[in-house]
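One file, target-v4.txt, is given below (compact mmCIF, C-alpha atoms and all ligand atoms).
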# COMPACT_ATOMS: atom_id res chain seq x y z
CA MET A 1 10.52 -117.98 -64.91
CA LEU A 2 10.18 -115.00 -62.58
CA LEU A 3 6.48 -114.41 -62.02
CA LYS A 4 3.62 -116.85 -62.20
CA VAL A 5 0.05 -115.65 -61.78
CA GLU A 6 -2.71 -118.25 -61.58
CA ASN A 7 -6.44 -117.53 -61.73
CA LEU A 8 -5.84 -114.23 -59.99
CA SER A 9 -8.89 -112.16 -59.06
CA LYS A 10 -9.33 -108.87 -57.25
CA PHE A 11 -12.81 -107.67 -56.28
CA PHE A 12 -13.48 -104.41 -54.46
CA PRO A 13 -16.46 -104.31 -52.09
CA ILE A 14 -18.65 -101.23 -52.43
CA LYS A 15 -21.81 -100.32 -50.53
CA LYS A 16 -24.82 -99.12 -52.48
CA GLY A 17 -28.41 -98.12 -51.86
CA ILE A 18 -30.24 -97.07 -48.74
CA PHE A 19 -29.66 -100.40 -46.99
CA GLY A 20 -25.96 -100.29 -47.75
CA LYS A 21 -26.00 -103.65 -49.52
CA THR A 22 -22.48 -104.76 -50.48
CA TYR A 23 -21.67 -105.24 -54.15
CA TYR A 24 -18.38 -106.21 -55.69
CA VAL A 25 -16.46 -104.50 -58.47
CA ARG A 26 -14.87 -107.44 -60.26
CA ALA A 27 -11.87 -105.43 -61.42
CA VAL A 28 -9.64 -108.43 -62.21
CA GLU A 29 -10.96 -111.93 -62.68
CA ASN A 30 -9.29 -115.26 -63.35
CA VAL A 31 -6.08 -113.91 -64.80
CA THR A 32 -3.31 -116.41 -65.58
CA PHE A 33 0.15 -115.82 -67.08
CA GLU A 34 3.86 -116.27 -66.55
CA ILE A 35 6.75 -113.86 -67.08
CA ASP A 36 10.40 -114.80 -67.58
CA LYS A 37 13.40 -113.16 -66.01
CA GLY A 38 14.39 -110.12 -68.07
CA GLU A 39 11.24 -110.13 -70.15
CA SER A 40 9.29 -106.97 -70.97
CA ILE A 41 5.53 -107.10 -71.19
CA SER A 42 3.09 -104.44 -72.30
CA LEU A 43 -0.26 -104.67 -70.55
CA VAL A 44 -2.81 -102.89 -72.72
CA GLY A 45 -6.46 -102.07 -72.16
CA GLU A 46 -8.81 -99.13 -72.08
CA SER A 47 -9.60 -97.08 -68.99
CA GLY A 48 -11.22 -99.17 -66.25
CA SER A 49 -10.15 -102.53 -67.70
CA GLY A 50 -8.27 -103.44 -64.50
CA LYS A 51 -4.65 -102.78 -65.48
CA THR A 52 -3.66 -100.81 -62.38
CA THR A 53 -5.57 -103.22 -60.15
CA LEU A 54 -3.74 -106.19 -61.68
CA GLY A 55 -0.37 -104.41 -61.30
CA LYS A 56 -0.97 -103.44 -57.69
CA THR A 57 -2.27 -106.89 -56.81
CA ILE A 58 0.83 -108.50 -58.31
CA LEU A 59 2.97 -106.15 -56.19
CA ARG A 60 0.82 -107.09 -53.17
CA LEU A 61 -0.17 -103.45 -52.68
CA TYR A 62 -3.66 -105.00 -52.80
CA ASP A 63 -4.60 -108.33 -51.26
CA PRO A 64 -5.79 -110.79 -53.89
CA THR A 65 -9.39 -111.96 -53.63
CA SER A 66 -8.46 -115.39 -54.98
CA GLY A 67 -5.83 -117.11 -57.05
CA LYS A 68 -2.11 -117.42 -56.61
CA ILE A 69 1.04 -115.31 -57.21
CA GLU A 70 4.46 -116.93 -57.31
CA PHE A 71 7.65 -114.88 -57.51
CA ASP A 72 11.02 -116.52 -58.03
CA GLY A 73 9.50 -119.84 -57.02
CA LYS A 74 7.98 -118.52 -53.77
CA ASP A 75 4.27 -118.26 -53.10
CA ILE A 76 3.71 -114.64 -52.06
CA THR A 77 -0.11 -114.62 -52.31
CA HIS A 78 -0.80 -114.46 -48.60
CA LEU A 79 2.44 -113.18 -47.06
CA THR A 80 2.04 -110.55 -44.35
CA GLU A 81 3.53 -107.07 -44.73
CA LYS A 82 6.44 -108.14 -42.53
CA GLU A 83 7.09 -111.24 -44.59
CA LEU A 84 6.90 -109.15 -47.77
CA LYS A 85 9.92 -107.02 -46.91
CA TRP A 86 12.22 -108.86 -49.31
CA TYR A 87 9.52 -108.74 -52.01
CA ARG A 88 9.34 -104.95 -51.73
CA ARG A 89 13.07 -104.83 -52.51
CA GLU A 90 12.74 -107.18 -55.47
CA THR A 91 9.94 -105.14 -57.07
CA GLY A 92 9.44 -101.51 -58.08
CA LEU A 93 6.54 -99.35 -59.21
CA VAL A 94 6.55 -96.26 -61.39
CA GLN A 95 3.22 -94.48 -61.37
CA GLN A 96 1.45 -92.25 -63.82
CA ASN A 97 1.69 -88.98 -61.93
CA PRO A 98 5.28 -88.25 -60.89
CA PHE A 99 4.18 -85.21 -58.87
CA GLY A 100 1.77 -87.18 -56.72
CA SER A 101 4.23 -89.95 -55.94
CA MET A 102 6.96 -87.84 -54.30
CA VAL A 103 7.18 -86.35 -50.80
CA PRO A 104 7.16 -82.61 -51.66
CA HIS A 105 9.46 -81.43 -48.86
CA PHE A 106 12.16 -84.07 -49.51
CA THR A 107 15.08 -83.26 -51.78
CA ILE A 108 15.65 -85.58 -54.73
CA PHE A 109 18.64 -86.92 -52.80
CA LYS A 110 16.52 -87.77 -49.78
CA ILE A 111 13.79 -89.34 -51.91
CA LEU A 112 16.37 -91.68 -53.44
CA GLU A 113 18.33 -92.32 -50.25
CA GLU A 114 15.27 -93.35 -48.27
CA PRO A 115 14.91 -96.91 -49.61
CA LEU A 116 18.61 -97.46 -48.95
CA ILE A 117 18.22 -96.33 -45.33
CA VAL A 118 15.09 -98.44 -44.83
CA ASN A 119 17.01 -101.46 -46.12
CA LYS A 120 20.11 -100.57 -44.06
CA ILE A 121 22.36 -100.31 -47.09
CA GLY A 122 25.82 -98.75 -46.96
CA THR A 123 27.43 -95.95 -44.98
CA ARG A 124 26.44 -92.34 -45.65
CA GLU A 125 29.28 -92.04 -48.13
CA GLU A 126 28.34 -95.25 -49.93
CA ARG A 127 24.70 -94.23 -50.12
CA ARG A 128 25.72 -90.90 -51.64
CA GLU A 129 27.70 -92.79 -54.26
CA ILE A 130 24.73 -95.07 -55.05
CA VAL A 131 22.30 -92.13 -55.33
CA TYR A 132 24.67 -90.16 -57.57
CA ASN A 133 25.23 -93.17 -59.80
CA ILE A 134 21.54 -93.86 -60.18
CA LEU A 135 20.90 -90.20 -61.06
CA ARG A 136 23.55 -90.44 -63.76
CA GLU A 137 21.92 -93.61 -65.00
CA VAL A 138 18.60 -91.83 -65.53
CA GLN A 139 20.54 -89.00 -67.20
CA LEU A 140 20.14 -86.35 -64.53
CA SER A 141 23.31 -84.60 -63.41
CA PRO A 142 23.67 -85.23 -59.64
CA GLU A 143 25.38 -81.89 -59.12
CA GLU A 144 22.43 -80.12 -60.66
CA PHE A 145 19.52 -82.17 -59.34
CA ALA A 146 20.37 -83.95 -56.08
CA PHE A 147 19.44 -81.05 -53.82
CA LYS A 148 16.45 -79.73 -55.67
CA TYR A 149 12.87 -80.30 -54.54
CA PRO A 150 10.27 -82.09 -56.69
CA HIS A 151 8.40 -78.89 -57.61
CA MET A 152 11.57 -77.50 -59.20
CA LEU A 153 11.66 -80.30 -61.79
CA SER A 154 9.70 -80.78 -65.01
CA GLY A 155 7.37 -83.76 -65.39
CA GLY A 156 9.91 -85.62 -67.51
CA GLN A 157 12.75 -84.98 -65.04
CA LEU A 158 10.56 -86.04 -62.16
CA GLN A 159 9.58 -89.24 -63.95
CA ARG A 160 13.31 -89.97 -64.30
CA VAL A 161 13.60 -89.60 -60.53
CA ALA A 162 10.63 -91.96 -60.10
CA ILE A 163 12.39 -94.49 -62.32
CA ALA A 164 15.61 -94.07 -60.33
CA ARG A 165 13.70 -94.70 -57.12
CA ALA A 166 12.00 -97.78 -58.54
CA ILE A 167 15.31 -99.35 -59.61
CA ILE A 168 17.66 -98.21 -56.85
CA MET A 169 17.40 -101.55 -55.01
CA ASN A 170 18.07 -103.36 -58.28
CA PRO A 171 14.68 -105.12 -58.37
CA LYS A 172 13.91 -108.12 -60.57
CA LEU A 173 10.48 -106.78 -61.55
CA VAL A 174 9.34 -103.23 -62.27
CA ILE A 175 5.77 -102.27 -63.04
CA ALA A 176 5.48 -98.98 -64.93
CA ASP A 177 1.85 -97.83 -64.81
CA GLU A 178 1.23 -95.39 -67.69
CA PRO A 179 4.60 -93.76 -66.98
CA VAL A 180 4.45 -91.35 -69.90
CA SER A 181 0.77 -90.57 -70.31
CA MET A 182 0.95 -87.33 -68.32
CA LEU A 183 4.11 -86.09 -70.03
CA ASP A 184 4.50 -83.89 -73.09
CA ALA A 185 4.61 -85.86 -76.30
CA SER A 186 8.16 -84.63 -76.91
CA VAL A 187 9.58 -86.38 -73.82
CA ARG A 188 7.55 -89.58 -74.01
CA VAL A 189 9.87 -91.32 -76.42
CA GLU A 190 12.94 -90.30 -74.38
CA ILE A 191 11.47 -91.84 -71.24
CA LEU A 192 10.44 -95.02 -73.06
CA ASN A 193 13.94 -95.32 -74.50
CA LEU A 194 15.40 -94.84 -71.05
CA PHE A 195 13.23 -97.68 -69.74
CA GLU A 196 14.43 -99.90 -72.53
CA GLU A 197 18.09 -99.17 -71.80
CA ILE A 198 17.71 -99.75 -68.08
CA GLN A 199 15.73 -102.91 -68.55
CA GLU A 200 18.38 -104.39 -70.84
CA LYS A 201 21.30 -103.30 -68.68
CA HIS A 202 19.87 -104.68 -65.44
CA HIS A 203 18.13 -107.61 -67.07
CA MET A 204 14.95 -106.92 -65.13
CA SER A 205 11.45 -107.92 -66.05
CA ILE A 206 9.11 -105.05 -66.73
CA ILE A 207 5.37 -104.75 -67.03
CA TYR A 208 4.59 -101.60 -68.95
CA ILE A 209 0.94 -100.61 -68.50
CA THR A 210 -0.67 -98.46 -71.18
CA HIS A 211 -3.94 -97.79 -72.92
CA ASP A 212 -2.02 -96.83 -76.04
CA LEU A 213 -1.16 -99.85 -78.14
CA SER A 214 0.95 -97.72 -80.47
CA THR A 215 3.64 -97.10 -77.80
CA THR A 216 4.12 -100.80 -77.06
CA ARG A 217 6.07 -101.30 -80.25
CA TYR A 218 9.02 -99.61 -78.56
CA PHE A 219 10.22 -102.42 -76.43
CA SER A 220 7.91 -105.18 -75.37
CA ASP A 221 8.69 -108.84 -75.91
CA ARG A 222 5.05 -109.70 -75.45
CA ILE A 223 1.75 -107.85 -75.34
CA PHE A 224 -1.11 -108.70 -72.98
CA ILE A 225 -4.58 -107.36 -73.75
CA MET A 226 -7.13 -106.75 -70.99
CA TYR A 227 -10.81 -106.15 -71.44
CA ALA A 228 -13.18 -105.51 -68.52
CA GLY A 229 -11.09 -107.39 -65.97
CA HIS A 230 -10.26 -110.35 -68.18
CA LEU A 231 -6.93 -111.03 -69.87
CA VAL A 232 -8.31 -111.76 -73.34
CA GLU A 233 -5.15 -112.25 -75.40
CA ARG A 234 -1.39 -112.52 -74.92
CA ALA A 235 1.29 -113.20 -77.49
CA PRO A 236 4.77 -112.20 -78.62
CA THR A 237 4.65 -108.59 -79.84
CA LYS A 238 5.09 -109.19 -83.56
CA GLU A 239 2.70 -112.11 -83.57
CA LEU A 240 0.01 -110.12 -81.76
CA LEU A 241 0.35 -107.10 -84.04
CA ARG A 242 0.33 -109.24 -87.18
CA ASN A 243 -2.23 -111.84 -86.21
CA PRO A 244 -4.55 -110.44 -83.58
CA ALA A 245 -7.10 -113.14 -82.83
CA HIS A 246 -9.51 -111.76 -80.25
CA PRO A 247 -12.23 -109.53 -81.76
CA TYR A 248 -11.40 -106.90 -79.13
CA THR A 249 -7.70 -106.87 -80.02
CA LYS A 250 -8.62 -106.60 -83.68
CA ALA A 251 -10.80 -103.60 -82.88
CA LEU A 252 -8.01 -101.98 -80.85
CA LEU A 253 -5.50 -102.41 -83.63
CA GLU A 254 -7.88 -100.99 -86.15
CA ALA A 255 -8.31 -97.94 -83.94
CA ILE A 256 -4.66 -97.01 -84.39
CA PRO A 257 -4.21 -94.26 -86.96
CA ASP A 258 -2.59 -95.24 -90.21
CA PRO A 259 1.20 -94.69 -89.91
CA ASP A 260 1.28 -93.22 -93.43
CA PRO A 261 1.28 -89.43 -92.77
CA SER A 262 -1.05 -88.77 -95.69
CA ASN A 263 -3.62 -91.11 -94.06
CA ARG A 264 -2.98 -89.79 -90.55
CA PHE A 265 -6.63 -89.33 -89.71
CA LYS A 266 -7.85 -92.54 -91.21
CA PHE A 267 -9.21 -94.84 -88.50
CA ARG A 268 -11.05 -97.99 -89.15
CA GLU A 269 -14.33 -98.91 -87.52
CA VAL A 270 -14.39 -99.88 -83.81
CA PRO A 271 -17.41 -101.79 -82.51
CA PRO A 272 -19.82 -99.31 -80.94
CA GLY A 273 -20.71 -99.40 -77.28
CA GLU A 274 -18.83 -99.26 -74.01
CA PRO A 275 -17.17 -101.74 -71.67
CA PRO A 276 -19.69 -103.39 -69.35
CA SER A 277 -20.26 -102.68 -65.69
CA LEU A 278 -17.82 -104.63 -63.56
CA VAL A 279 -20.37 -104.88 -60.76
CA ASN A 280 -22.73 -106.85 -62.93
CA PRO A 281 -20.71 -107.97 -65.95
CA PRO A 282 -22.21 -110.12 -68.72
CA LYS A 283 -22.00 -113.86 -68.17
CA GLY A 284 -19.20 -115.54 -70.07
CA CYS A 285 -17.29 -113.36 -72.49
CA ARG A 286 -17.38 -109.72 -71.39
CA PHE A 287 -16.89 -108.47 -74.92
CA LYS A 288 -20.03 -110.22 -76.15
CA PRO A 289 -22.30 -107.12 -76.14
CA ARG A 290 -19.94 -105.35 -78.56
CA CYS A 291 -18.62 -108.31 -80.48
CA PRO A 292 -19.41 -108.59 -84.18
CA ILE A 293 -19.11 -112.41 -84.19
CA ALA A 294 -20.69 -113.36 -80.85
CA THR A 295 -23.21 -116.19 -80.54
CA ASP A 296 -25.18 -117.69 -77.62
CA LYS A 297 -22.19 -119.85 -76.87
CA CYS A 298 -20.38 -116.72 -75.65
CA ASP A 299 -22.61 -116.68 -72.54
CA GLU A 300 -20.25 -119.34 -71.24
CA GLU A 301 -16.79 -118.19 -70.19
CA PRO A 302 -14.46 -119.01 -73.09
CA PRO A 303 -11.46 -121.22 -72.42
CA GLU A 304 -8.00 -119.86 -73.07
CA VAL A 305 -6.63 -121.56 -76.18
CA GLU A 306 -3.08 -121.50 -77.52
CA ILE A 307 -3.54 -120.89 -81.24
CA SER A 308 0.18 -120.77 -82.04
CA PRO A 309 3.22 -121.15 -79.77
CA GLY A 310 2.85 -118.64 -76.94
CA HIS A 311 -0.23 -117.02 -78.47
CA PHE A 312 -3.17 -117.42 -76.06
CA VAL A 313 -6.69 -116.20 -76.73
CA LYS A 314 -9.77 -116.26 -74.54
CA CYS A 315 -12.46 -116.54 -77.19
CA TRP A 316 -14.71 -119.33 -78.45
CA TYR A 317 -13.99 -118.33 -82.03
CA ALA A 318 -10.29 -117.51 -81.83
CA GLN A 319 -8.51 -117.94 -85.11
N1 LIG A 401 -10.14 -99.04 -54.61
C1 LIG A 401 -11.16 -99.29 -55.43
N2 LIG A 401 -12.42 -99.47 -54.97
C2 LIG A 401 -13.46 -99.74 -55.79
N3 LIG A 401 -13.35 -99.90 -57.12
C3 LIG A 401 -12.11 -99.74 -57.65
C4 LIG A 401 -10.97 -99.43 -56.85
N4 LIG A 401 -9.88 -99.33 -57.67
C5 LIG A 401 -10.35 -99.57 -58.91
N5 LIG A 401 -11.67 -99.81 -58.91
C6 LIG A 401 -12.51 -100.14 -60.07
O1 LIG A 401 -11.94 -101.27 -60.69
C7 LIG A 401 -12.01 -101.15 -62.11
C8 LIG A 401 -10.63 -101.26 -62.71
O2 LIG A 401 -9.90 -100.11 -62.33
P1 LIG A 401 -8.37 -99.89 -62.68
O3 LIG A 401 -7.95 -98.62 -62.05
O4 LIG A 401 -7.60 -101.11 -62.33
O5 LIG A 401 -8.42 -99.75 -64.27
P2 LIG A 401 -7.29 -99.28 -65.28
O6 LIG A 401 -7.30 -100.25 -66.40
O7 LIG A 401 -6.02 -99.06 -64.54
O8 LIG A 401 -7.87 -97.88 -65.80
P3 LIG A 401 -7.10 -96.53 -66.22
O9 LIG A 401 -6.61 -96.76 -67.64
O10 LIG A 401 -8.17 -95.49 -66.17
O11 LIG A 401 -6.00 -96.30 -65.25
C9 LIG A 401 -12.72 -99.83 -62.38
O12 LIG A 401 -14.09 -100.11 -62.58
C10 LIG A 401 -12.50 -99.05 -61.12
O13 LIG A 401 -13.54 -98.12 -60.92
MG MG A 402 -4.77 -97.41 -64.26

This structure in structure tokens:
Amino acid sequence: MLLKVENLSKFFPIKKGIFGKTYYVRAVENVTFEIDKGESISLVGESGSGKTTLGKTILRLYDPTSGKIEFDGKDITHLTEKELKWYRRETGLVQQNPFGSMVPHFTIFKILEEPLIVNKIGTREERREIVYNILREVQLSPEEFAFKYPHMLSGGQLQRVAIARAIIMNPKLVIADEPVSMLDASVRVEILNLFEEIQEKHHMSIIYITHDLSTTRYFSDRIFIMYAGHLVERAPTKELLRNPAHPYTKALLEAIPDPDPSNRFKFREVPPGEPPSLVNPPKGCRFKPRCPIATDKCDEEPPEVEISPGHFVKCWYAQ
């Protein structure tokens, strides 16, 4: 096992009203899961469900509010920035907007060399070799791209650079936060395929964050579903797609267009309504206000039950 997350919560304090009373946005609450070495996970949920917050908390870019994070057998929940230096090497992040995540006046070469310098790796010559190799790995010709600036690249090319930067230290875990959602549809599949190749070659674990369940079929071993800060269901990919058990997951799957081209615009019904406020979420199950099968019992937080091997559901009526 590589990563173990136990009852992890992240709340953001916000001040509201004329007296500046502090409220909390309960962006991630009581999340528990484990990930194996080399495993790929898709973390799926609609906008505001807490995916980025969970990812950044796991990477310790945010301090957890409560709970525990273990990486490679070490408790990293409360390590200081200095103590986290090794963890930064072992983990990588690819963000949604490749333009926003690059220093604009650095060349691609400098962007990629920087982590090597920070970690005191190699001589100048050796670093050049590493940077050129990683560029080849993400299918960018070093001769053509190494000395260009970010603004000279397309979104897809720049996302390849972002991937190169995330993996240049050969991390054990990479979190890719909506890495293709800002790219043209034509390059999305290429980038997802590249991720798959890299992940298999380096045997790293990857958490692929998306709000689009239809892209997870590409490469995830397991799918995790988030709703309003809760992890409501997780299961091996095929199992989850075939036997979704949480009413929210069922609704999500039904919202995917029919793959048959003649039925392209046929969507099935999704429960009406919106996700709840995370400042004052409903007691118990957060999907209750939209759930077609909810009862009074759902005012209590549902336990997480394992309905088949590795298939966990947080619902009183999981089946
Ligand atoms: N720094 C912050 N301060 C206060 N609230 C925040 C902060 N970051 C996120 N939130 C809130 O936490 C909740 C979860 O946000 P988050 O960005 O994790 O969702 P997400 O699932 O990544 O959404 P998206 O698909 O839009 O990226 C939202 O209600 C958001 O407004
Ligand atoms: Mg996000």

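Using all atoms listed in the file, the smallest distance between any of A:Ala166, A:Met182, A:Val118, A:Ala228 and ligand LIG 401 (chain A) comes from A:Ala228.
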
What residues have any atom no more than 12 Å from ligand MG 402 (chain A) when counting all atoms listed in the file, and can you list them as a PyMOL selection string? chain A and resi 27+43-56+94-97+175-179+181+208-211+226+229

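Interatomic distance, atom CA of Met204 of chain A to atom CA of Lys37 of chain A: 6.5 Å.
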
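For the choices A:Ser277, A:Ser40, A:Thr295, A:Asn7, the atom-to-atom distance to ligand LIG 401 (chain A) is smallest for A:Ser277 when using only C-alpha atoms and all ligand atoms.
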
Counting all atoms listed in the file, what is within 6 Å of Val25 of chain A, bar same-chain residues fewer than 6 positions away, as a PyMOL selection string? chain A and resi 11-12+278-279

Would you compute an axis-aligned box for ligand LIG 401 (chain A), covering every atom listed for it in the file with 3 Å of margin on each side, and report centre and edge lengths in Å to one decimal as AutoDock Vina command-line options?
--center_x -10.0 --center_y -98.4 --center_z -61.1 --size_x 14.1 --size_y 11.8 --size_z 19.0

Could you work out how far atom CA of Val180 of chain A lies from atom CA of Leu253 of chain A, giving the answer in Å with one decimal?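 Separation of atom CA of Leu253 of chain A and atom CA of Val180 of chain A: 20.2 Å.
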
One-decimal distance in Å that lies between atom CA of Tyr87 of chain A and atom CA of Asp75 of chain A: 10.9 Å

If you count all atoms listed in the file, which residues fall within 9 Å of segment 151-154 of chain A, apart from same-chain ones fewer than 6 positions away, as a list in words?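 Near segment 151-154 of chain A, the qualifying residues are Phe99, Pro104 and Phe145 of chain A.
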
Show me, as a Markdown table, the residues of segment 157-262 of chain A having an atom within 12 Å of segment 120-130 of chain A, each with the closest atom pair and its distance in Å, using all atoms listed in the file.
| residue | atom | partner | partner_atom | distance |
| --- | --- | --- | --- | --- |
| A:Ala164 | CA | A:Ile130 | CA | 10.6 |
| A:Arg165 | CA | A:Ile130 | CA | 11.2 |
| A:Ile167 | CA | A:Ile130 | CA | 11.3 |
| A:Ile168 | CA | A:Ile130 | CA | 7.9 |
| A:Met169 | CA | A:Ile121 | CA | 9.4 |
| A:Asn170 | CA | A:Ile130 | CA | 11.1 |
